[in-house]
>>> print(open('start.txt').read())   # compact mmCIF, C-alpha atoms
# COMPACT_ATOMS: atom_id res chain seq x y z
CA MET A 1 109.52 107.36 104.17
CA ALA A 2 112.03 110.20 104.10
CA THR A 3 111.07 113.71 102.97
CA ILE A 4 113.11 116.85 102.38
CA ASP A 5 112.44 120.09 104.27
CA LEU A 6 111.12 122.56 101.66
CA SER A 7 112.36 125.53 103.62
CA GLN A 8 115.94 124.39 103.05
CA THR A 9 115.80 123.11 99.49
CA GLY A 10 113.21 125.33 97.85
CA GLY A 11 111.84 122.22 96.16
CA LYS A 12 110.63 118.70 96.76
CA ARG A 13 112.43 115.45 96.18
CA ALA A 14 110.52 112.24 95.62
CA ALA A 15 110.59 109.92 98.62
CA PRO A 16 112.58 106.71 98.10
CA ARG A 17 110.49 103.64 97.36
CA ASP A 18 109.87 101.52 100.44
CA TRP A 19 110.71 98.09 99.07
CA LEU A 20 110.21 96.40 102.43
CA ARG A 21 106.64 97.63 102.65
CA LEU A 22 105.97 96.78 99.01
CA SER A 23 107.27 93.24 99.47
CA ALA A 24 105.13 92.84 102.61
CA THR A 25 102.09 94.00 100.64
CA LEU A 26 102.91 91.57 97.83
CA CYS A 27 103.26 88.76 100.36
CA PHE A 28 99.89 89.60 101.92
CA LEU A 29 98.21 89.76 98.50
CA SER A 30 99.61 86.34 97.57
CA ILE A 31 98.35 84.93 100.88
CA ALA A 32 94.97 86.59 100.35
CA ALA A 33 94.64 85.12 96.86
CA GLY A 34 95.54 81.64 98.05
CA GLN A 35 93.32 81.76 101.12
CA LEU A 36 90.35 83.06 99.14
CA LEU A 37 90.75 80.08 96.80
CA PHE A 38 90.94 77.80 99.85
CA THR A 39 87.82 79.42 101.34
CA ALA A 40 85.97 78.92 98.06
CA PHE A 41 86.95 75.25 98.08
CA ILE A 42 85.65 74.80 101.64
CA LEU A 43 82.38 76.54 100.75
CA LEU A 44 81.85 74.54 97.56
CA PHE A 45 83.07 71.12 98.67
CA TYR A 46 82.44 70.83 102.43
CA TYR A 47 79.50 73.14 103.14
CA PRO A 48 76.79 71.41 101.00
CA PRO A 49 77.31 67.88 102.42
CA SER A 50 77.89 69.20 105.95
CA LEU A 51 74.70 71.28 105.99
CA SER A 52 72.66 68.52 104.34
CA GLY A 53 73.98 65.80 106.63
CA ASP A 54 75.69 63.83 103.83
CA PHE A 55 78.90 63.53 105.86
CA ALA A 56 80.13 60.51 103.89
CA ALA A 57 80.80 62.83 100.93
CA TRP A 58 83.78 64.29 102.84
CA ASN A 59 85.73 61.12 102.14
CA ALA A 60 85.82 61.90 98.42
CA LYS A 61 88.96 63.85 99.37
CA PRO A 62 91.94 62.32 101.22
CA LEU A 63 91.46 62.83 104.96
CA ILE A 64 93.19 61.26 107.95
CA LYS A 65 89.81 60.74 109.63
CA GLY A 66 86.79 62.38 108.03
CA PHE A 67 83.43 60.62 108.11
CA VAL A 68 83.45 57.58 110.40
CA PRO A 69 80.30 55.39 110.51
CA GLY A 70 79.00 54.99 114.05
CA ASP A 71 80.74 58.11 115.33
CA PRO A 72 78.02 60.81 115.23
CA GLY A 73 79.74 63.00 117.84
CA GLY A 74 83.06 62.94 116.03
CA ASN A 75 81.41 63.56 112.67
CA LEU A 76 79.51 66.59 113.98
CA PHE A 77 82.66 67.91 115.62
CA PHE A 78 84.57 67.55 112.37
CA ALA A 79 81.72 69.28 110.48
CA ALA A 80 81.83 72.24 112.88
CA HIS A 81 85.62 72.37 112.54
CA VAL A 82 85.46 72.49 108.75
CA LEU A 83 82.64 75.04 108.64
CA MET A 84 84.46 77.41 111.00
CA ALA A 85 87.66 77.07 108.95
CA ALA A 86 86.06 79.19 106.24
CA VAL A 87 85.02 81.81 108.80
CA ILE A 88 88.48 82.20 110.30
CA THR A 89 90.25 82.12 106.92
CA PHE A 90 88.14 84.91 105.44
CA GLY A 91 87.85 86.83 108.70
CA GLY A 92 91.62 86.92 109.16
CA LEU A 93 92.13 88.53 105.78
CA VAL A 94 89.47 91.16 106.49
CA GLN A 95 91.05 91.93 109.84
CA LEU A 96 94.42 92.79 108.27
CA ILE A 97 93.13 95.29 105.71
CA PRO A 98 94.06 98.80 106.96
CA ALA A 99 91.28 100.51 104.98
CA ILE A 100 88.61 98.55 106.84
CA ARG A 101 90.23 99.28 110.18
CA GLY A 102 90.39 102.98 109.37
CA ARG A 103 87.04 103.56 107.65
CA TRP A 104 84.82 101.03 109.41
CA PRO A 105 86.23 100.53 112.92
CA ALA A 106 83.03 98.84 114.10
CA VAL A 107 83.44 96.18 111.39
CA HIS A 108 87.04 95.71 112.47
CA ARG A 109 86.08 95.30 116.13
CA TRP A 110 83.24 92.84 115.59
CA ASN A 111 85.10 90.87 112.96
CA GLY A 112 88.04 90.74 115.38
CA ARG A 113 85.82 89.30 118.11
CA LEU A 114 84.46 86.69 115.71
CA TYR A 115 87.99 85.90 114.54
CA LEU A 116 89.25 85.40 118.09
CA LEU A 117 86.27 83.23 118.96
CA SER A 118 86.79 81.13 115.83
CA ALA A 119 90.49 80.78 116.64
CA LEU A 120 89.66 79.62 120.18
CA VAL A 121 87.10 77.07 118.99
CA LEU A 122 89.33 75.74 116.20
CA ALA A 123 92.37 75.44 118.47
CA LEU A 124 90.46 73.53 121.14
CA GLY A 125 88.69 71.53 118.44
CA GLY A 126 92.01 70.64 116.84
CA LEU A 127 93.31 69.34 120.17
CA TRP A 128 90.14 67.26 120.65
CA LEU A 129 90.25 65.84 117.12
CA THR A 130 93.92 64.97 117.54
CA TRP A 131 94.04 63.42 121.00
CA VAL A 132 90.47 62.23 121.61
CA ARG A 133 89.38 61.22 118.11
CA GLY A 134 92.89 60.13 117.13
CA THR A 135 93.16 62.16 113.91
CA TRP A 136 96.85 61.65 113.21
CA LEU A 137 99.16 59.27 111.38
CA HIS A 138 102.56 60.13 112.86
CA TRP A 139 103.60 61.56 116.22
CA ALA A 140 105.20 64.61 114.55
CA GLY A 141 101.89 65.65 113.02
CA ALA A 142 100.08 65.27 116.35
CA VAL A 143 102.69 67.22 118.29
CA GLY A 144 103.02 69.86 115.58
CA ILE A 145 99.27 70.59 115.40
CA SER A 146 99.10 70.66 119.21
CA LEU A 147 101.94 73.19 119.38
CA ASP A 148 100.13 75.29 116.80
CA ALA A 149 96.90 75.15 118.82
CA LEU A 150 98.73 76.32 121.95
CA LEU A 151 100.31 79.21 120.04
CA ILE A 152 96.88 80.21 118.72
CA LEU A 153 95.48 80.28 122.25
CA LEU A 154 98.47 82.26 123.56
CA PHE A 155 98.58 84.86 120.78
CA GLY A 156 94.80 85.22 120.80
CA ALA A 157 94.82 85.94 124.53
CA LEU A 158 97.62 88.50 124.16
CA ALA A 159 95.92 90.21 121.21
CA TRP A 160 92.69 90.44 123.21
CA ARG A 161 94.53 91.76 126.28
CA ASP A 162 96.21 94.58 124.36
CA ALA A 163 93.01 95.48 122.51
CA ARG A 164 91.16 95.78 125.82
CA ALA A 165 93.96 97.97 127.18
CA ARG A 166 93.89 100.08 123.99
CA ARG A 167 97.54 99.28 123.28
CA PHE A 168 96.77 99.10 119.57
CA ALA A 169 100.34 98.93 118.24
CA ALA A 170 101.06 95.89 120.41
CA HIS A 171 97.62 94.46 119.57
CA ARG A 172 98.37 94.58 115.84
CA ARG A 173 101.69 92.82 116.33
CA TRP A 174 100.02 89.98 118.27
CA THR A 175 97.27 89.82 115.65
CA LEU A 176 99.86 89.33 112.90
CA ARG A 177 101.47 86.54 114.91
CA LEU A 178 98.05 85.00 115.50
CA PHE A 179 97.25 85.17 111.79
CA ALA A 180 100.52 83.39 110.96
CA VAL A 181 99.85 80.41 113.26
CA ALA A 182 96.08 80.31 112.65
CA SER A 183 96.86 79.78 108.95
CA ALA A 184 99.08 76.75 109.63
CA VAL A 185 96.82 74.16 107.99
CA TRP A 186 96.66 76.28 104.85
CA PHE A 187 100.43 76.85 104.91
CA MET A 188 100.84 73.07 105.18
CA ARG A 189 98.86 72.54 101.97
CA VAL A 190 100.86 75.23 100.19
CA GLY A 191 104.11 73.79 101.54
CA TYR A 192 103.36 70.29 100.33
CA MET A 193 102.42 71.51 96.86
CA ALA A 194 105.39 73.87 96.51
CA TRP A 195 107.76 71.09 97.64
CA GLY A 196 106.13 68.60 95.31
CA ILE A 197 106.66 70.94 92.38
CA ALA A 198 110.25 71.78 93.36
CA ALA A 199 111.49 68.38 94.54
CA GLY A 200 109.05 65.88 93.10
CA GLY A 201 107.78 64.84 96.53
CA ALA A 202 111.14 63.65 97.87
CA GLY A 203 111.02 62.99 101.61
CA ILE A 204 107.23 62.60 101.78
CA GLY A 205 106.17 59.31 103.41
CA THR A 206 103.01 57.31 102.76
CA ALA A 207 101.96 57.77 106.40
CA MET A 208 103.21 61.36 106.68
CA ASP A 209 106.35 59.96 108.31
CA GLY A 210 109.03 61.10 105.86
CA PRO A 211 111.71 63.71 106.62
CA PHE A 212 109.77 66.45 104.86
CA ASP A 213 106.55 65.46 106.64
CA ILE A 214 108.25 65.78 110.02
CA PHE A 215 109.81 69.11 109.03
CA LEU A 216 106.51 70.53 107.76
CA ALA A 217 104.58 69.35 110.82
CA PHE A 218 106.37 72.10 112.75
CA ALA A 219 107.36 74.46 109.93
CA ASN A 220 103.75 75.05 108.84
CA SER A 221 103.34 77.30 111.89
CA LEU A 222 106.88 78.15 113.01
CA LEU A 223 108.19 79.20 109.58
CA PRO A 224 105.41 81.76 108.86
CA LEU A 225 105.74 82.93 112.45
CA GLY A 226 109.49 83.40 112.01
CA VAL A 227 109.04 85.40 108.80
CA THR A 228 106.40 87.53 110.53
CA GLU A 229 108.71 88.15 113.47
CA LEU A 230 111.57 89.22 111.19
CA TYR A 231 109.24 91.67 109.44
CA LEU A 232 107.98 93.09 112.73
CA ARG A 233 111.54 93.61 113.99
CA THR A 234 112.77 95.22 110.77
CA GLY A 235 111.78 98.87 110.92
CA ALA A 236 112.81 102.13 109.33
CA ARG A 237 115.86 102.36 111.61
CA SER A 238 117.17 98.91 110.77
CA LYS A 239 120.39 98.55 108.81
CA PRO A 240 119.97 98.58 105.01
CA ALA A 241 121.35 95.05 104.77
CA ALA A 242 118.74 93.76 107.20
CA ARG A 243 115.93 95.52 105.35
CA SER A 244 117.16 94.16 102.02
CA ALA A 245 117.37 90.62 103.39
CA VAL A 246 113.84 90.70 104.81
CA THR A 247 112.55 92.32 101.61
CA ALA A 248 114.03 89.47 99.57
CA LEU A 249 112.62 86.91 102.02
CA LEU A 250 109.12 88.34 101.74
CA ALA A 251 109.28 88.55 97.95
CA THR A 252 110.49 84.93 97.76
CA SER A 253 107.77 83.85 100.16
CA ALA A 254 105.16 85.54 97.98
CA LEU A 255 106.37 83.63 94.92
CA VAL A 256 106.39 80.28 96.75
CA ILE A 257 102.91 80.95 98.12
CA LEU A 258 101.53 81.82 94.69
CA VAL A 259 102.97 78.69 93.11
CA GLY A 260 101.90 76.45 95.99
CA SER A 261 98.41 77.95 96.18
CA ALA A 262 97.77 77.56 92.46
CA GLY A 263 99.04 73.99 92.52
CA ALA A 264 96.97 73.10 95.59
CA TRP A 265 93.84 74.60 94.03
CA LEU A 266 94.30 72.61 90.82
CA MET A 267 95.01 69.44 92.80
CA MET A 268 91.87 69.84 94.92
CA TRP A 269 89.66 70.29 91.86
CA ARG A 270 91.54 68.01 89.43
CA PRO A 271 88.91 65.21 89.50
CA TYR A 272 86.25 67.73 88.48
CA LEU A 273 88.18 69.57 85.74
>>> encode(input="start.txt", output="structure tokens")
Amino acid sequence: MATIDLSQTGGKRAAPRDWLRLSATLCFLSIAAGQLLFTAFILLFYYPPSLSGDFAAWNAKPLIKGFVPGDPGGNLFFAAHVLMAAVITFGGLVQLIPAIRGRWPAVHRWNGRLYLLSALVLALGGLWLTWVRGTWLHWAGAVGISLDALLILLFGALAWRDARARRFAAHRRWTLRLFAVASAVWFMRVGYMAWGIAAGGAGIGTAMDGPFDIFLAFANSLLPLGVTELYLRTGARSKPAARSAVTALLATSALVILVGSAGAWLMMWRPYL
């Protein structure tokens, strides 16, 4: 933020408000709120039956392929996938908090290692569940989740490379990109709910084969990644119009995320309310 040289003015002028940074913070807080609710749902709904072995209880919620009788390997793989989803969701939020990075660097480093490991396992697990177990209804969903898994592996490797080389500015940029694509399943839930509220579910097919389903199969990772990339490329030296446009985009995204997250949370717990 700009400051005035006191030796020339004899006084001090308040720095202009950085609306781009404020909108980015608002967007992160909306994501954090939604993902914490999602983490709580995973812990409360999936952890008890998974840890107790009551895998059939998963099917109380709509799943493409949850518990399948006679498929112990697939059921255990799905259980591990769900349990690690809570780890990566919470760990990603912790990793992006500057205060933790600054005050407790050891926590940041070890949480980062756990986050990268979780991302690797979930990406490879997602590919296995999709193409070996056949967890998909439409080709767009299978291709979209596979693209997301490949992006997770790529960005995770680049984030690790730059951290090892102590190129921390580049490392943080790759970590933000990784966070965007690693949150794709959550963004998909938010996207479906926000669209359902706004458009009444138009374009959503019964087998996830409608126009909106096909769009969201790719947008759940590419759209957050695109917004992240615009933010990363919009710095203090960017033109005011560009900064204003990205500021508005982030503020709008925060609103959509809040609405979608709240709706998804209520929908997940509606039978119990």
>>> closest_residue(input="start.txt", among="A:Asp148, A:Asp213, A:Asp18, A:Asp162", to="Ala184 in chain A", atoms="only C-alpha atoms")
A:Asp148
>>> residues_around(input="start.txt", residues="Ala242 in chain A", least_positions_apart="5", cutoff="12 Å", atoms="only C-alpha atoms", output="ChimeraX atom specification")
/A:20,230-231,233-237,247-249
>>> residues_near_point(input="start.txt", point="(102.2, 90.2, 108.2)", cutoff="7 Å", atoms="all atoms listed in the file", output="MDAnalysis selection string")
chainID A and resid 24 28 176 228
>>> residues_around(input="start.txt", residues="range 263-268 of chain A", least_positions_apart="5", cutoff="10 Å", atoms="all atoms listed in the file", output="JSON list (two decimals) with C-alpha atoms, keeping the file's coordinate frame")
[["chain", "number", "residue", "atom", "x", "y", "z"],
["A", 34, "GLY", "CA", 95.54, 81.64, 98.05],
["A", 37, "LEU", "CA", 90.75, 80.08, 96.80],
["A", 38, "PHE", "CA", 90.94, 77.80, 99.85],
["A", 40, "ALA", "CA", 85.97, 78.92, 98.06],
["A", 41, "PHE", "CA", 86.95, 75.25, 98.08],
["A", 45, "PHE", "CA", 83.07, 71.12, 98.67],
["A", 61, "LYS", "CA", 88.96, 63.85, 99.37],
["A", 62, "PRO", "CA", 91.94, 62.32, 101.22],
["A", 186, "TRP", "CA", 96.66, 76.28, 104.85],
["A", 189, "ARG", "CA", 98.86, 72.54, 101.97],
["A", 190, "VAL", "CA", 100.86, 75.23, 100.19],
["A", 191, "GLY", "CA", 104.11, 73.79, 101.54],
["A", 192, "TYR", "CA", 103.36, 70.29, 100.33],
["A", 193, "MET", "CA", 102.42, 71.51, 96.86],
["A", 194, "ALA", "CA", 105.39, 73.87, 96.51],
["A", 196, "GLY", "CA", 106.13, 68.60, 95.31],
["A", 197, "ILE", "CA", 106.66, 70.94, 92.38],
["A", 257, "ILE", "CA", 102.91, 80.95, 98.12],
["A", 258, "LEU", "CA", 101.53, 81.82, 94.69],
["A", 273, "LEU", "CA", 88.18, 69.57, 85.74]]
>>> closest_atom_pairs(input="start.txt", of="range 167-215 of chain A", to="range 121-142 of chain A", cutoff="12 Å", atoms="only C-alpha atoms", output="CSV")
residue,atom,partner,partner_atom,distance
A:Leu178,CA,A:Ala123,CA,11.5
A:Val181,CA,A:Ala123,CA,10.4
A:Ala182,CA,A:Ala123,CA,8.4
A:Ser183,CA,A:Leu122,CA,11.2
A:Ala184,CA,A:Ala123,CA,11.2
A:Val185,CA,A:Gly126,CA,10.7
A:Met188,CA,A:Gly141,CA,10.8
A:Gly205,CA,A:His138,CA,10.1
A:Thr206,CA,A:Leu137,CA,9.6
A:Ala207,CA,A:Leu137,CA,5.9
A:Met208,CA,A:His138,CA,6.3
A:Asp209,CA,A:His138,CA,5.9
A:Gly210,CA,A:His138,CA,9.6
A:Pro211,CA,A:Ala140,CA,10.3
A:Phe212,CA,A:Ala140,CA,10.9
A:Asp213,CA,A:Gly141,CA,7.9
A:Ile214,CA,A:Ala140,CA,5.6
A:Phe215,CA,A:Ala140,CA,8.5
>>> closest_residue(input="start.txt", among="A:Ala217, A:Ala159, A:Ile100, A:Leu29", to="Arg113 in chain A", atoms="all atoms listed in the file")
A:Ala159
>>> decode(input="start.txt", residues="range 205-239 of chain A", atoms="C-alpha atoms", output="CSV table (one decimal), in the first residue's frame")
chain,number,residue,atom,x,y,z
A,205,GLY,CA,-29.6,-34.7,-15.5
A,206,THR,CA,-30.7,-37.7,-13.5
A,207,ALA,CA,-27.5,-39.5,-14.4
A,208,MET,CA,-25.3,-36.4,-14.2
A,209,ASP,CA,-25.5,-36.1,-17.9
A,210,GLY,CA,-27.2,-32.7,-18.3
A,211,PRO,CA,-25.6,-29.5,-19.7
A,212,PHE,CA,-24.8,-28.1,-16.3
A,213,ASP,CA,-23.4,-31.5,-15.1
A,214,ILE,CA,-21.0,-31.6,-18.0
A,215,PHE,CA,-20.0,-28.0,-17.4
A,216,LEU,CA,-19.4,-28.5,-13.7
A,217,ALA,CA,-17.5,-31.7,-14.3
A,218,PHE,CA,-14.7,-29.5,-15.6
A,219,ALA,CA,-15.5,-26.1,-14.0
A,220,ASN,CA,-15.3,-27.5,-10.4
A,221,SER,CA,-11.5,-27.4,-10.8
A,222,LEU,CA,-10.8,-25.1,-13.8
A,223,LEU,CA,-13.0,-22.3,-12.6
A,224,PRO,CA,-11.4,-21.9,-9.1
A,225,LEU,CA,-8.1,-22.3,-10.8
A,226,GLY,CA,-8.9,-19.5,-13.2
A,227,VAL,CA,-10.0,-17.2,-10.5
A,228,THR,CA,-6.8,-18.0,-8.5
A,229,GLU,CA,-4.6,-17.3,-11.6
A,230,LEU,CA,-6.3,-14.0,-12.2
A,231,TYR,CA,-5.6,-13.0,-8.5
A,232,LEU,CA,-2.0,-14.1,-8.7
A,233,ARG,CA,-1.4,-12.1,-11.9
A,234,THR,CA,-3.1,-9.0,-10.6
A,235,GLY,CA,-0.6,-7.1,-8.5
A,236,ALA,CA,0.0,-3.6,-7.2
A,237,ARG,CA,1.3,-2.5,-10.6
A,238,SER,CA,-1.7,-3.7,-12.5
A,239,LYS,CA,-4.1,-1.2,-14.1
